[in-house]
Structure formats: C-alpha cells, structure tokens
$ cat coords_9.cif   # mmCIF, C-alpha atoms
data_protein
#
loop_
_atom_site.label_atom_id
_atom_site.label_comp_id
_atom_site.auth_asym_id
_atom_site.auth_seq_id
_atom_site.Cartn_x
_atom_site.Cartn_y
_atom_site.Cartn_z
CA MET X 1 -0.78 185.33 153.33
CA ASN X 2 2.30 187.20 152.17
CA ARG X 3 4.63 186.05 149.45
CA TRP X 4 7.45 185.05 151.84
CA VAL X 5 5.21 182.63 153.77
CA ARG X 6 4.09 180.98 150.50
CA ILE X 7 7.71 180.51 149.45
CA VAL X 8 8.59 178.92 152.82
CA ARG X 9 5.58 176.62 152.64
CA ILE X 10 6.32 175.48 149.06
CA SER X 11 9.99 174.90 149.89
CA PHE X 12 9.18 172.92 153.01
CA MET X 13 6.55 170.79 151.24
CA ARG X 14 8.98 169.95 148.45
CA GLN X 15 11.60 168.94 150.98
CA LEU X 16 9.13 166.67 152.77
CA ARG X 17 8.12 165.00 149.49
CA ARG X 18 11.73 164.37 148.52
CA ARG X 19 12.59 162.96 151.96
CA ARG X 20 9.36 161.19 152.87
CA ARG X 21 11.25 158.00 153.71
CA LYS X 22 11.94 157.15 157.36
CA THR X 23 15.32 157.05 159.01
CA SER X 24 16.79 153.88 160.49
CA TRP X 25 15.29 154.75 163.90
CA GLY X 26 11.74 155.08 162.55
CA PHE X 27 11.76 158.90 162.62
CA LYS X 28 11.05 161.17 159.71
CA VAL X 29 13.10 164.22 158.85
CA LEU X 30 10.58 166.43 160.64
CA ASP X 31 10.93 164.41 163.86
CA LEU X 32 14.71 164.60 163.83
CA TYR X 33 14.63 168.31 163.02
CA ILE X 34 12.43 169.13 166.04
CA LEU X 35 14.15 166.61 168.30
CA LYS X 36 17.58 168.11 167.61
CA LYS X 37 16.26 171.58 168.36
CA PHE X 38 14.60 170.34 171.54
CA LEU X 39 17.55 168.47 173.04
CA GLY X 40 20.16 170.94 171.80
CA THR X 41 18.32 173.93 173.26
CA TYR X 42 17.61 172.05 176.51
CA PHE X 43 21.24 171.19 177.23
CA LEU X 44 22.43 174.65 176.18
CA ALA X 45 19.84 176.34 178.41
CA THR X 46 20.79 174.04 181.29
CA LEU X 47 24.48 174.92 180.97
CA LEU X 48 23.75 178.65 180.80
CA PHE X 49 21.44 178.58 183.82
CA LEU X 50 23.90 176.48 185.83
CA ALA X 51 26.69 178.94 185.04
CA VAL X 52 24.55 181.75 186.44
CA ILE X 53 23.57 179.66 189.48
CA ALA X 54 27.22 178.78 190.15
CA MET X 55 28.15 182.47 190.01
CA PHE X 56 25.51 183.39 192.58
CA ASP X 57 26.48 180.42 194.76
CA VAL X 58 30.12 181.48 194.77
CA THR X 59 29.09 184.98 195.82
CA GLU X 60 26.91 183.63 198.62
CA LYS X 61 29.44 181.14 199.99
CA LEU X 62 32.65 183.03 199.20
CA ASP X 63 34.00 182.87 202.76
CA ALA X 64 33.57 179.09 202.87
CA PHE X 65 35.20 178.63 199.45
CA LEU X 66 38.19 180.71 200.51
CA THR X 67 38.57 178.58 203.63
CA ALA X 68 38.15 175.15 202.07
CA PRO X 69 40.81 173.48 199.90
CA LEU X 70 40.24 174.14 196.19
CA LYS X 71 40.22 170.41 195.41
CA GLU X 72 37.39 169.74 197.87
CA THR X 73 35.44 172.75 196.58
CA ILE X 74 35.59 171.57 192.97
CA PHE X 75 35.31 167.81 193.31
CA ASP X 76 33.31 167.36 196.52
CA TYR X 77 31.00 170.35 196.21
CA PHE X 78 30.51 171.64 192.65
CA PHE X 79 30.70 168.22 190.97
CA SER X 80 27.65 167.33 193.06
CA PHE X 81 25.95 170.71 193.47
CA LEU X 82 25.60 171.53 189.77
CA PRO X 83 24.06 168.18 188.68
CA TYR X 84 21.84 168.21 191.77
CA PHE X 85 20.56 171.74 191.18
CA GLY X 86 20.23 171.21 187.43
CA ASN X 87 18.16 168.10 188.01
CA GLN X 88 15.96 169.91 190.55
CA LEU X 89 15.17 172.62 187.97
CA SER X 90 14.91 170.27 185.01
CA PRO X 91 11.11 170.81 184.59
CA LEU X 92 11.76 174.57 184.43
CA PHE X 93 14.49 174.09 181.82
CA VAL X 94 12.24 171.81 179.75
CA PHE X 95 9.42 174.34 179.76
CA ILE X 96 11.64 177.29 178.82
CA THR X 97 13.30 175.20 176.10
CA VAL X 98 10.01 174.24 174.45
CA ILE X 99 8.67 177.79 174.68
CA PHE X 100 11.86 179.25 173.20
CA PHE X 101 12.50 177.07 170.17
CA THR X 102 8.82 176.55 169.30
CA SER X 103 8.17 180.32 169.44
CA LYS X 104 11.15 180.82 167.19
CA MET X 105 9.80 178.26 164.72
CA ALA X 106 6.38 179.89 164.84
CA SER X 107 7.80 183.38 164.28
CA ASN X 108 9.71 182.06 161.24
CA SER X 109 6.42 180.54 159.92
CA GLU X 110 7.90 177.05 160.12
CA ILE X 111 4.93 175.74 162.12
CA ILE X 112 2.54 177.12 159.49
CA ALA X 113 4.51 175.43 156.72
CA ILE X 114 4.58 172.10 158.60
CA LEU X 115 0.82 172.09 159.21
CA ALA X 116 0.13 173.22 155.63
CA SER X 117 2.12 170.26 154.32
CA GLY X 118 -0.48 167.88 155.75
CA VAL X 119 1.07 167.17 159.14
CA SER X 120 -1.59 167.18 161.85
CA PHE X 121 -1.14 169.00 165.13
CA ARG X 122 -1.25 165.66 166.91
CA ARG X 123 1.50 164.32 164.66
CA LEU X 124 3.54 167.45 165.30
CA LEU X 125 3.44 166.67 169.03
CA ARG X 126 5.18 163.32 168.56
CA PRO X 127 8.86 164.50 168.46
CA TYR X 128 8.15 166.75 171.44
CA MET X 129 7.00 163.77 173.49
CA VAL X 130 9.99 161.72 172.35
CA GLY X 131 12.30 164.52 173.49
CA ALA X 132 10.43 164.75 176.80
CA ALA X 133 10.80 160.96 177.24
CA ILE X 134 14.57 161.14 176.70
CA ILE X 135 14.95 163.97 179.21
CA ALA X 136 12.57 162.28 181.69
CA ALA X 137 14.52 159.00 181.53
CA PHE X 138 17.81 160.85 182.01
CA THR X 139 16.56 162.89 184.98
CA PHE X 140 14.92 159.80 186.49
CA MET X 141 18.23 157.95 186.59
CA LEU X 142 20.00 161.04 187.93
CA SER X 143 17.57 161.76 190.75
CA ASN X 144 16.90 158.16 191.79
CA TYR X 145 20.31 156.51 191.46
CA TRP X 146 23.24 158.67 190.32
CA ILE X 147 23.05 161.97 192.20
CA PRO X 148 22.27 160.75 195.78
CA PRO X 149 25.69 159.06 196.28
CA THR X 150 27.45 162.27 195.20
CA ASN X 151 25.28 164.28 197.60
CA VAL X 152 27.05 162.56 200.49
CA LYS X 153 30.23 164.52 199.76
CA ARG X 154 28.35 167.75 199.05
CA ILE X 155 26.44 167.59 202.33
CA ALA X 156 29.61 166.72 204.26
CA TYR X 157 31.34 169.71 202.64
CA THR X 158 28.57 172.17 203.55
CA ASN X 159 28.40 170.81 207.10
CA LYS X 160 32.12 171.31 207.49
CA TYR X 161 32.70 174.66 205.79
CA VAL X 162 29.33 176.40 205.36
CA LYS X 163 26.81 175.51 208.06
CA ASN X 164 26.58 172.35 210.09
CA LYS X 165 23.07 170.94 209.78
CA ARG X 166 23.86 167.53 211.25
CA VAL X 167 21.80 166.37 214.18
CA GLU X 168 24.43 165.41 216.76
CA ALA X 169 22.25 164.68 219.76
CA GLY X 170 18.81 163.32 220.57
CA VAL X 171 16.68 163.04 223.70
CA ASN X 172 13.88 160.71 224.79
CA ILE X 173 14.42 158.29 221.91
CA GLN X 174 12.01 155.38 221.85
CA LEU X 175 11.74 152.87 219.03
CA GLN X 176 10.88 149.29 218.25
CA VAL X 177 14.09 147.44 217.46
CA GLU X 178 12.20 144.39 216.23
CA PRO X 179 8.69 143.01 216.83
CA GLY X 180 8.19 142.76 220.58
CA VAL X 181 11.46 144.56 221.50
CA VAL X 182 11.33 148.25 222.46
CA ALA X 183 14.40 150.37 223.22
CA TYR X 184 14.62 153.69 225.02
CA ILE X 185 17.57 156.12 225.26
CA GLY X 186 17.27 159.15 227.49
CA ARG X 187 19.96 161.07 225.62
CA PHE X 188 22.31 160.15 222.76
CA ASP X 189 25.49 162.01 221.82
CA ASP X 190 26.57 161.31 218.24
CA PRO X 191 30.24 162.48 218.34
CA SER X 192 30.98 160.01 221.14
CA LYS X 193 28.37 157.49 219.92
CA THR X 194 27.16 157.17 223.51
CA GLY X 195 23.64 156.96 224.86
CA TYR X 196 22.57 157.43 228.47
CA ARG X 197 19.71 156.01 230.58
CA PHE X 198 19.19 153.05 228.29
CA SER X 199 16.47 150.42 228.64
CA LEU X 200 15.42 147.46 226.49
CA ASP X 201 12.05 145.78 227.03
CA LYS X 202 11.01 142.46 225.50
CA PHE X 203 7.35 141.50 225.24
CA GLU X 204 5.38 138.39 224.44
CA GLY X 205 2.05 139.73 223.37
CA LYS X 206 1.25 142.38 225.97
CA THR X 207 3.30 140.79 228.72
CA ILE X 208 6.81 141.99 229.49
CA VAL X 209 9.23 139.07 229.87
CA SER X 210 12.58 140.84 230.16
CA ARG X 211 13.90 144.30 230.92
CA MET X 212 17.48 145.54 230.63
CA THR X 213 18.56 148.89 232.03
CA ALA X 214 21.99 150.47 231.74
CA GLN X 215 23.74 153.68 232.69
CA SER X 216 25.13 154.03 229.15
CA ILE X 217 25.33 152.31 225.80
CA VAL X 218 28.08 152.81 223.17
CA TYR X 219 27.81 152.15 219.43
CA ASP X 220 30.72 150.51 217.61
CA SER X 221 31.02 152.34 214.27
CA LEU X 222 33.33 149.68 212.84
CA LYS X 223 30.79 146.89 213.38
CA PRO X 224 27.24 147.60 212.21
CA TYR X 225 24.56 146.98 214.84
CA HIS X 226 27.17 146.24 217.54
CA TRP X 227 26.56 147.97 220.87
CA GLN X 228 28.18 147.76 224.29
CA VAL X 229 26.00 148.32 227.40
CA ARG X 230 27.73 149.49 230.55
CA ASP X 231 26.67 149.17 234.17
CA TYR X 232 23.65 147.13 233.29
CA MET X 233 20.98 145.17 235.10
CA ILE X 234 18.80 142.50 233.48
CA ARG X 235 15.49 141.42 235.00
CA ASN X 236 13.82 138.30 233.57
CA PHE X 237 10.19 137.70 234.51
CA ASP X 238 8.53 134.29 234.76
CA GLY X 239 5.06 134.78 236.10
CA MET X 240 5.46 135.95 239.68
CA ASN X 241 9.15 135.02 239.70
CA GLU X 242 11.97 137.39 238.82
CA LYS X 243 15.62 136.71 238.09
CA VAL X 244 18.08 139.60 238.28
CA SER X 245 21.63 139.78 236.92
CA HIS X 246 24.18 142.62 236.91
CA GLY X 247 27.33 143.42 235.02
CA ARG X 248 29.84 146.10 234.06
CA ARG X 249 29.98 145.57 230.30
CA LEU X 250 28.03 143.51 227.81
CA ASP X 251 28.46 143.35 224.04
CA THR X 252 25.20 142.90 222.19
CA ILE X 253 23.66 143.25 218.74
CA LEU X 254 20.68 145.54 218.18
CA ALA X 255 19.24 146.06 214.71
CA VAL X 256 19.44 149.83 214.97
CA GLU X 257 22.05 152.50 214.18
CA PRO X 258 22.38 156.14 215.30
CA ARG X 259 21.36 157.38 211.85
CA ASP X 260 18.00 155.64 212.33
CA PHE X 261 16.97 158.13 215.01
CA LEU X 262 19.36 161.10 214.47
CA ILE X 263 17.81 162.34 211.24
CA SER X 264 19.14 165.53 209.62
CA SER X 265 17.20 167.75 207.22
CA GLN X 266 19.30 166.64 204.21
CA ASP X 267 19.58 162.90 204.86
CA GLN X 268 16.95 162.01 202.26
CA GLU X 269 18.99 163.71 199.53
CA ALA X 270 21.89 161.31 200.11
CA MET X 271 19.76 158.17 199.63
CA THR X 272 18.83 156.43 196.41
CA THR X 273 15.15 155.68 195.95
CA PRO X 274 15.48 151.98 196.96
CA GLN X 275 17.37 153.10 200.09
CA ILE X 276 14.58 155.55 200.93
CA SER X 277 11.97 152.81 200.51
CA ASP X 278 13.89 150.48 202.85
CA PHE X 279 14.45 153.26 205.37
CA VAL X 280 10.77 154.25 205.42
CA GLU X 281 9.69 150.64 205.95
CA LYS X 282 12.15 150.24 208.86
CA GLN X 283 11.02 153.49 210.46
CA LYS X 284 7.36 152.50 210.20
CA MET X 285 8.15 149.17 211.84
CA ARG X 286 10.00 150.97 214.63
CA GLY X 287 7.12 153.34 215.23
CA LEU X 288 9.04 156.50 214.35
CA ALA X 289 7.00 159.27 212.72
CA ASN X 290 9.64 161.59 211.23
CA ILE X 291 9.60 160.06 207.75
CA GLN X 292 7.47 162.58 205.82
CA LYS X 293 10.48 164.26 204.20
CA PHE X 294 11.73 160.90 202.94
CA GLU X 295 8.35 159.99 201.46
CA ILE X 296 8.09 163.44 199.86
CA GLU X 297 11.57 163.14 198.38
CA LYS X 298 10.71 159.78 196.86
CA GLU X 299 7.43 160.95 195.33
CA LYS X 300 8.98 164.20 194.14
CA ARG X 301 11.47 162.25 192.07
CA TYR X 302 8.67 160.35 190.36
CA ALA X 303 6.51 163.46 189.91
CA ALA X 304 9.40 165.37 188.29
CA THR X 305 9.58 162.63 185.65
CA GLY X 306 5.91 163.12 184.76
CA ALA X 307 6.34 166.90 184.81
CA ALA X 308 8.66 166.71 181.77
CA PHE X 309 5.78 165.46 179.60
CA ILE X 310 3.17 167.82 181.07
CA LEU X 311 5.25 170.98 180.75
CA THR X 312 6.32 170.00 177.25
CA LEU X 313 2.65 169.69 176.27
CA ILE X 314 1.80 173.09 177.77
CA GLY X 315 4.85 174.77 176.23
CA MET X 316 4.19 173.38 172.77
CA ALA X 317 0.50 174.33 172.86
CA LEU X 318 1.25 177.86 174.08
CA SER X 319 3.98 178.75 171.61
CA SER X 320 2.96 176.96 168.41
CA LYS X 321 1.04 179.94 167.08
CA LYS X 322 2.59 183.14 165.82
CA VAL X 323 1.64 186.07 168.04
CA LYS X 324 2.10 189.80 167.69
CA GLY X 325 4.15 190.03 170.86
CA GLY X 326 6.78 187.68 169.42
CA MET X 327 8.90 185.29 171.47
CA GLY X 328 9.12 187.65 174.42
CA LEU X 329 5.44 187.27 175.27
CA ASN X 330 5.56 183.47 175.07
CA ILE X 331 8.74 183.28 177.13
CA GLY X 332 7.20 185.57 179.75
CA ILE X 333 4.09 183.37 179.97
CA GLY X 334 6.26 180.27 180.10
CA LEU X 335 8.40 181.61 182.95
CA GLY X 336 5.28 182.60 184.87
CA LEU X 337 3.71 179.15 184.50
CA SER X 338 6.92 177.26 185.27
CA PHE X 339 7.61 179.24 188.43
CA SER X 340 3.98 178.85 189.50
CA TYR X 341 4.39 175.08 189.05
CA ILE X 342 7.48 175.02 191.27
CA LEU X 343 5.77 177.23 193.87
CA PHE X 344 2.65 175.06 193.79
CA SER X 345 4.76 171.92 194.33
CA THR X 346 6.40 173.55 197.34
CA VAL X 347 3.03 174.48 198.82
CA THR X 348 1.49 171.03 198.35
CA SER X 349 4.54 169.35 199.92
CA SER X 350 3.66 171.15 203.15
CA PHE X 351 0.31 169.30 203.10
CA ALA X 352 2.16 165.99 203.49
CA ILE X 353 4.44 167.34 206.24
CA SER X 354 1.41 168.53 208.22
CA GLY X 355 -0.36 165.19 207.68
CA LEU X 356 -3.27 166.56 205.62
CA THR X 357 -2.51 164.25 202.68
CA SER X 358 -0.14 161.45 201.79
CA ALA X 359 3.17 162.32 200.12
CA ALA X 360 2.03 160.76 196.82
CA VAL X 361 -1.14 162.85 196.67
CA ALA X 362 0.68 166.05 197.68
CA MET X 363 3.39 165.72 195.03
CA TRP X 364 1.05 164.67 192.21
CA ILE X 365 -1.59 167.37 192.75
CA PRO X 366 0.39 169.93 190.68
CA ASN X 367 0.88 167.40 187.88
CA VAL X 368 -2.83 166.58 187.72
CA ILE X 369 -3.85 170.25 187.65
CA TYR X 370 -1.25 171.26 185.08
CA LEU X 371 -2.07 168.21 182.96
CA ALA X 372 -5.64 169.46 182.77
CA ILE X 373 -4.33 172.89 181.76
CA GLY X 374 -2.10 171.28 179.14
CA ILE X 375 -4.94 169.23 177.62
CA PHE X 376 -7.15 172.35 177.44
CA LEU X 377 -4.40 174.38 175.76
CA TYR X 378 -3.60 171.52 173.38
CA PHE X 379 -7.14 171.20 172.04
CA ARG X 380 -7.43 174.97 171.87
CA ALA X 381 -4.23 175.22 169.82
CA ALA X 382 -5.22 172.25 167.63
CA ARG X 383 -8.30 174.15 166.45
#
$ encode --input "coords_9.cif" --output "structure tokens"
Amino acid sequence: MNRWVRIVRISFMRQLRRRRRKTSWGFKVLDLYILKKFLGTYFLATLLFLAVIAMFDVTEKLDAFLTAPLKETIFDYFFSFLPYFGNQLSPLFVFITVIFFTSKMASNSEIIAILASGVSFRRLLRPYMVGAAIIAAFTFMLSNYWIPPTNVKRIAYTNKYVKNKRVEAGVNIQLQVEPGVVAYIGRFDDPSKTGYRFSLDKFEGKTIVSRMTAQSIVYDSLKPYHWQVRDYMIRNFDGMNEKVSHGRRLDTILAVEPRDFLISSQDQEAMTTPQISDFVEKQKMRGLANIQKFEIEKEKRYAATGAAFILTLIGMALSSKKVKGGMGLNIGIGLGLSFSYILFSTVTSSFAISGLTSAAVAMWIPNVIYLAIGIFLYFRAAR
C-alpha cells in the first residue's frame, strides 16, 4: 500500500475517533457524509438529465409549442411533464448516482480507509439504504398522489396541440350497471354525449323482468350519472304477462359515465392509486376487460419504490472497489444494468397485457431477479 493511502487511512481513523459520538438524529458522521453525497448527487443528476430531456422534447414538439400559448406550455405542460418524466426515470437516476459517487470515493481510497477503520461492509450499506428510503418515499408520494392530478392538464395539452389520443366514440358497448342490470349502447359519440340503439335489461336471477329500448340516450355532464332516454319503450314482464309503455323523453339515473367505457391510452396516468383501485373494482363488476393498463400502472408505482433499494444495493456493491478502469468502467456497467432493468420491465408488462400473468407478477419479476443479482454482488463485494 502506498504512502498516500496510509496517510488517508490514518487521517480518516483519527477523525472517526474524535467524532465517534452520534448526531441528534442517531447518525454518525460517516452516515451523514455518505447520505449528503447520495442525495446531493441524486438531485443534481436528476436536474441535469431533465434539462437534457426538456431540450429534446422542445425539439420534437417545436411546432406545437409555437402554436400553443406560452403560459399553457410552461404551466400546463412542462410543470407536469418534467416531474412525471423524472419520477418515471427515478430508478435510473438512483443507480447512476450510487455508481458515480461511490466510484469516486473508491478511486480516492475513501472506501478503503472506511473499512480499515473497523467499519464493516454491512455497516457501510446503512446510509445507502437510508438514502434509498428517502428517495423511495418521495417518489412514492409523487407517483401515487401528487403527479396524477397534474397529468390531467398535461394530457389535455398534448391532446389539443400535439396529438389527440382521446377516444371519442365507441361501438357495441355492453356493461353491467349494477348487479342484475345490463346496459347496451350500439354507438356512443363523446363530443355530443349521445348514444344510439340503447337497451337496458333487468334480471332477477336468470329471468328478465324488464327491458327498456330507446333510439338514443344523452348524458348530462353537469349532473353525474344523469341520463335522458329519447323515444323509448319499456316492457315489463310478469310471467306470461307483458306491460308495455312508450314515451318521448325520460330522465333517469344510471351508475355509469362515458369515461367508464371510453378509455384512452393515458387515462391511468391521470388517476391517483386509490382512484385506480376504485376504477378497477367498478370495471370488474361491470364485466369490462380493458383494465390491464390500469392494473399495470398501479403495480408499476409500487415496484418502482422497491427498485430504489434494489438498484442502490447493486450500485454500491459494483462500485465500492477500486478498479483499474476508473469511474468510467463502473458508470458504463451501471448504465447497461439500469437500461436493461427498464427494458426488462417493459417486456414483462406485455405479459400482463396479453393475459399470461397478473399485473403484480409481471411488474415484480424484474425486482425479484435484480434483487438476486444485488445479493450475489453484495456478498461478493463483502469478501
């Protein structure tokens, strides 16, 4: 061991002896030192990456930004887009952060000095996990509660100025409004909130007791669940007897809204996790099957929270030793693993969409596999 390393080790050990006492939060100087590096590098890396992402996004959507009012572009789009995208890539930022600052510490022989002072490798992992917990808690609140409401404006902006992805019409819509009540709409037009060839069947067990048919049905946007049927006929069945009534207009309440069956590709991004859970339960009760994306979105938010710990473990284990290639090699390995994690998550999500697995299994498969990799690398580095 060269003379410079011995000097660093002796200096670090003396500092630890002088400041062995704990801080008011229960952390030692070593914990705070690593934690500050972790969180500081994470937020700096996030800001730098988001600046680059914003630049590319402006280039891609320049025509739309020139058309839209500047106020809407800044407050409705970018104030939602940047937190949303940053939160989506948070596991990547965590991994790169850990690889970067730990490799730098290792190259400066700080890791060697810490371990030589009597700190175990397991003890060294503690501030990393605390940092991962802080980031995981922050991203959990963002993805589950704070970002979805802001996505409403972002999605409305992109639909208006970039590309309209709203589903504005549906055909052959059949759903269970409530137990024993089944509705059918031949065609529904969202701009006019009007459905055509409407029928409503009521059952007692397997026996139909009432059937309403109408030429059209109109939804009242100002009054939730309020509908008006037009040119209707109601047939009530009592055994072999039948009673028929007609009318021009009839106001009624049906526990269904157009958004329940006109589902766009981005609707799940505008819902908080409790709203997704309620929506999925309602859709299952109504017999609708297009809920996979909502279940995947919900599980992805939970899986991303666990990914912060797993990728921190892998990053710390990979970069804690000084290597001849320097930081560049570790950062290259880290980028490769982090992108492979994101790609793997995308692939497994398709398993849930195709029905091969449940959404929970599909989104947690990458975490389980990379956790095993992290544990292997941890014990290898600890030796």
$ residues_near_point --input "coords_9.cif" --point "(22.8, 148.4, 232.1)" --cutoff "8 Å" --atoms "only C-alpha atoms" --output "ChimeraX atom specification"
/X:198-199,212-217,229-234,246-249
$ atom_distance --input "coords_9.cif" --atom1 "atom CA of Ser345 of chain X" --atom2 "atom CA of Glu281 of chain X"
24.7 Å
$ residues_around --input "coords_9.cif" --residues "segment 191-196 of chain X" --least-positions-apart "3" --cutoff "7 Å" --atoms "only C-alpha atoms" --output "list in words"
Glu168, Ile185, Gly186, Arg187, Phe188, Gln215, Ser216, Ile217, Val218 and Tyr219 of chain X
$ resolve_selection --input "coords_9.cif" --expression "the PyMOL selection byres ((chain X and resi 251) around 8)" --output "PyMOL selection string"
chain X and resi 226-229+249-250+252-253
$ atom_distance --input "coords_9.cif" --atom1 "atom CA of Tyr145 of chain X" --atom2 "atom CA of Ser358 of chain X"
23.4 Å
$ atom_distance --input "coords_9.cif" --atom1 "atom CA of Glu295 of chain X" --atom2 "atom CA of Phe261 of chain X"
16.2 Å
$ closest_residue --input "coords_9.cif" --among "X:Ile310, X:Ala133, X:Leu30, X:Ala156" --to "Ile111 of chain X" --atoms "only C-alpha atoms"
X:Leu30
$ closest_residue --input "coords_9.cif" --among "X:Ile147, X:Ala360, X:Leu175, X:Leu313" --to "Gln283 of chain X" --atoms "only C-alpha atoms"
X:Leu175
$ residues_around --input "coords_9.cif" --residues "Ser338 of chain X" --least-positions-apart "6" --cutoff "9 Å" --atoms "only C-alpha atoms" --output "list in words"
Pro91, Leu92, Phe93, Phe95, Ile96 and Leu311 of chain X
$ write_last_selection --input "coords_9.cif" --atoms "C-alpha atoms" --output "mmCIF file, in the frame of the given file"
data_model
loop_
_atom_site.group_PDB
_atom_site.id
_atom_site.type_symbol
_atom_site.label_atom_id
_atom_site.label_comp_id
_atom_site.auth_asym_id
_atom_site.auth_seq_id
_atom_site.Cartn_x
_atom_site.Cartn_y
_atom_site.Cartn_z
ATOM 1 C CA PRO X 91 11.110 170.810 184.590
ATOM 2 C CA LEU X 92 11.760 174.570 184.430
ATOM 3 C CA PHE X 93 14.490 174.090 181.820
ATOM 4 C CA PHE X 95 9.420 174.340 179.760
ATOM 5 C CA ILE X 96 11.640 177.290 178.820
ATOM 6 C CA LEU X 311 5.250 170.980 180.750
#
$ residues_near_point --input "coords_9.cif" --point "(2.5, 165.9, 195.6)" --cutoff "10 Å" --atoms "only C-alpha atoms" --output "tab-separated table (two decimals) with C-alpha atoms, keeping the file's coordinate frame"
chain	number	residue	atom	x	y	z
X	296	ILE	CA	8.09	163.44	199.86
X	297	GLU	CA	11.57	163.14	198.38
X	299	GLU	CA	7.43	160.95	195.33
X	300	LYS	CA	8.98	164.20	194.14
X	302	TYR	CA	8.67	160.35	190.36
X	303	ALA	CA	6.51	163.46	189.91
X	344	PHE	CA	2.65	175.06	193.79
X	345	SER	CA	4.76	171.92	194.33
X	346	THR	CA	6.40	173.55	197.34
X	347	VAL	CA	3.03	174.48	198.82
X	348	THR	CA	1.49	171.03	198.35
X	349	SER	CA	4.54	169.35	199.92
X	350	SER	CA	3.66	171.15	203.15
X	351	PHE	CA	0.31	169.30	203.10
X	352	ALA	CA	2.16	165.99	203.49
X	357	THR	CA	-2.51	164.25	202.68
X	358	SER	CA	-0.14	161.45	201.79
X	359	ALA	CA	3.17	162.32	200.12
X	360	ALA	CA	2.03	160.76	196.82
X	361	VAL	CA	-1.14	162.85	196.67
X	362	ALA	CA	0.68	166.05	197.68
X	363	MET	CA	3.39	165.72	195.03
X	364	TRP	CA	1.05	164.67	192.21
X	365	ILE	CA	-1.59	167.37	192.75
X	366	PRO	CA	0.39	169.93	190.68
X	367	ASN	CA	0.88	167.40	187.88
X	368	VAL	CA	-2.83	166.58	187.72
$ resolve_selection --input "coords_9.cif" --expression "the PyMOL selection byres ((chain X and resi 82-90) around 10)" --output "PyMOL selection string"
chain X and resi 42+46-47+49-51+53-54+77-81+91-96+135-136+138-140+142-143+146-148+150-151+154+269+300-301+304-305+307-308+338+342
$ write_last_selection --input "coords_9.cif" --atoms "C-alpha atoms" --output "tab-separated table (two decimals), keeping the file's coordinate frame"
chain	number	residue	atom	x	y	z
X	42	TYR	CA	17.61	172.05	176.51
X	46	THR	CA	20.79	174.04	181.29
X	47	LEU	CA	24.48	174.92	180.97
X	49	PHE	CA	21.44	178.58	183.82
X	50	LEU	CA	23.90	176.48	185.83
X	51	ALA	CA	26.69	178.94	185.04
X	53	ILE	CA	23.57	179.66	189.48
X	54	ALA	CA	27.22	178.78	190.15
X	77	TYR	CA	31.00	170.35	196.21
X	78	PHE	CA	30.51	171.64	192.65
X	79	PHE	CA	30.70	168.22	190.97
X	80	SER	CA	27.65	167.33	193.06
X	81	PHE	CA	25.95	170.71	193.47
X	91	PRO	CA	11.11	170.81	184.59
X	92	LEU	CA	11.76	174.57	184.43
X	93	PHE	CA	14.49	174.09	181.82
X	94	VAL	CA	12.24	171.81	179.75
X	95	PHE	CA	9.42	174.34	179.76
X	96	ILE	CA	11.64	177.29	178.82
X	135	ILE	CA	14.95	163.97	179.21
X	136	ALA	CA	12.57	162.28	181.69
X	138	PHE	CA	17.81	160.85	182.01
X	139	THR	CA	16.56	162.89	184.98
X	140	PHE	CA	14.92	159.80	186.49
X	142	LEU	CA	20.00	161.04	187.93
X	143	SER	CA	17.57	161.76	190.75
X	146	TRP	CA	23.24	158.67	190.32
X	147	ILE	CA	23.05	161.97	192.20
X	148	PRO	CA	22.27	160.75	195.78
X	150	THR	CA	27.45	162.27	195.20
X	151	ASN	CA	25.28	164.28	197.60
X	154	ARG	CA	28.35	167.75	199.05
X	269	GLU	CA	18.99	163.71	199.53
X	300	LYS	CA	8.98	164.20	194.14
X	301	ARG	CA	11.47	162.25	192.07
X	304	ALA	CA	9.40	165.37	188.29
X	305	THR	CA	9.58	162.63	185.65
X	307	ALA	CA	6.34	166.90	184.81
X	308	ALA	CA	8.66	166.71	181.77
X	338	SER	CA	6.92	177.26	185.27
X	342	ILE	CA	7.48	175.02	191.27
$ resolve_selection --input "coords_9.cif" --expression "the PyMOL selection byres ((chain X and resi 373) around 12)" --output "PDB file with C-alpha atoms, in the coordinates of the input"
ATOM      1  CA  ILE X 310       3.170 167.820 181.070  1.00  0.00           C
ATOM      2  CA  LEU X 311       5.250 170.980 180.750  1.00  0.00           C
ATOM      3  CA  THR X 312       6.320 170.000 177.250  1.00  0.00           C
ATOM      4  CA  LEU X 313       2.650 169.690 176.270  1.00  0.00           C
ATOM      5  CA  ILE X 314       1.800 173.090 177.770  1.00  0.00           C
ATOM      6  CA  GLY X 315       4.850 174.770 176.230  1.00  0.00           C
ATOM      7  CA  ALA X 317       0.500 174.330 172.860  1.00  0.00           C
ATOM      8  CA  LEU X 318       1.250 177.860 174.080  1.00  0.00           C
ATOM      9  CA  LEU X 337       3.710 179.150 184.500  1.00  0.00           C
ATOM     10  CA  TYR X 341       4.390 175.080 189.050  1.00  0.00           C
ATOM     11  CA  PRO X 366       0.390 169.930 190.680  1.00  0.00           C
ATOM     12  CA  ASN X 367       0.880 167.400 187.880  1.00  0.00           C
ATOM     13  CA  VAL X 368      -2.830 166.580 187.720  1.00  0.00           C
ATOM     14  CA  ILE X 369      -3.850 170.250 187.650  1.00  0.00           C
ATOM     15  CA  TYR X 370      -1.250 171.260 185.080  1.00  0.00           C
ATOM     16  CA  LEU X 371      -2.070 168.210 182.960  1.00  0.00           C
ATOM     17  CA  ALA X 372      -5.640 169.460 182.770  1.00  0.00           C
ATOM     18  CA  GLY X 374      -2.100 171.280 179.140  1.00  0.00           C
ATOM     19  CA  ILE X 375      -4.940 169.230 177.620  1.00  0.00           C
ATOM     20  CA  PHE X 376      -7.150 172.350 177.440  1.00  0.00           C
ATOM     21  CA  LEU X 377      -4.400 174.380 175.760  1.00  0.00           C
ATOM     22  CA  TYR X 378      -3.600 171.520 173.380  1.00  0.00           C
ATOM     23  CA  PHE X 379      -7.140 171.200 172.040  1.00  0.00           C
ATOM     24  CA  ARG X 380      -7.430 174.970 171.870  1.00  0.00           C
TER      25      ARG X 380
END
$ axis_aligned_box --input "coords_9.cif" --around "segment 232-244 of chain X" --padding-each-side "3 Å" --output "lines of an AutoDock Vina configuration file"
center_x = 14.4
center_y = 140.7
center_z = 236.5
size_x = 24.6
size_y = 18.8
size_z = 12.4
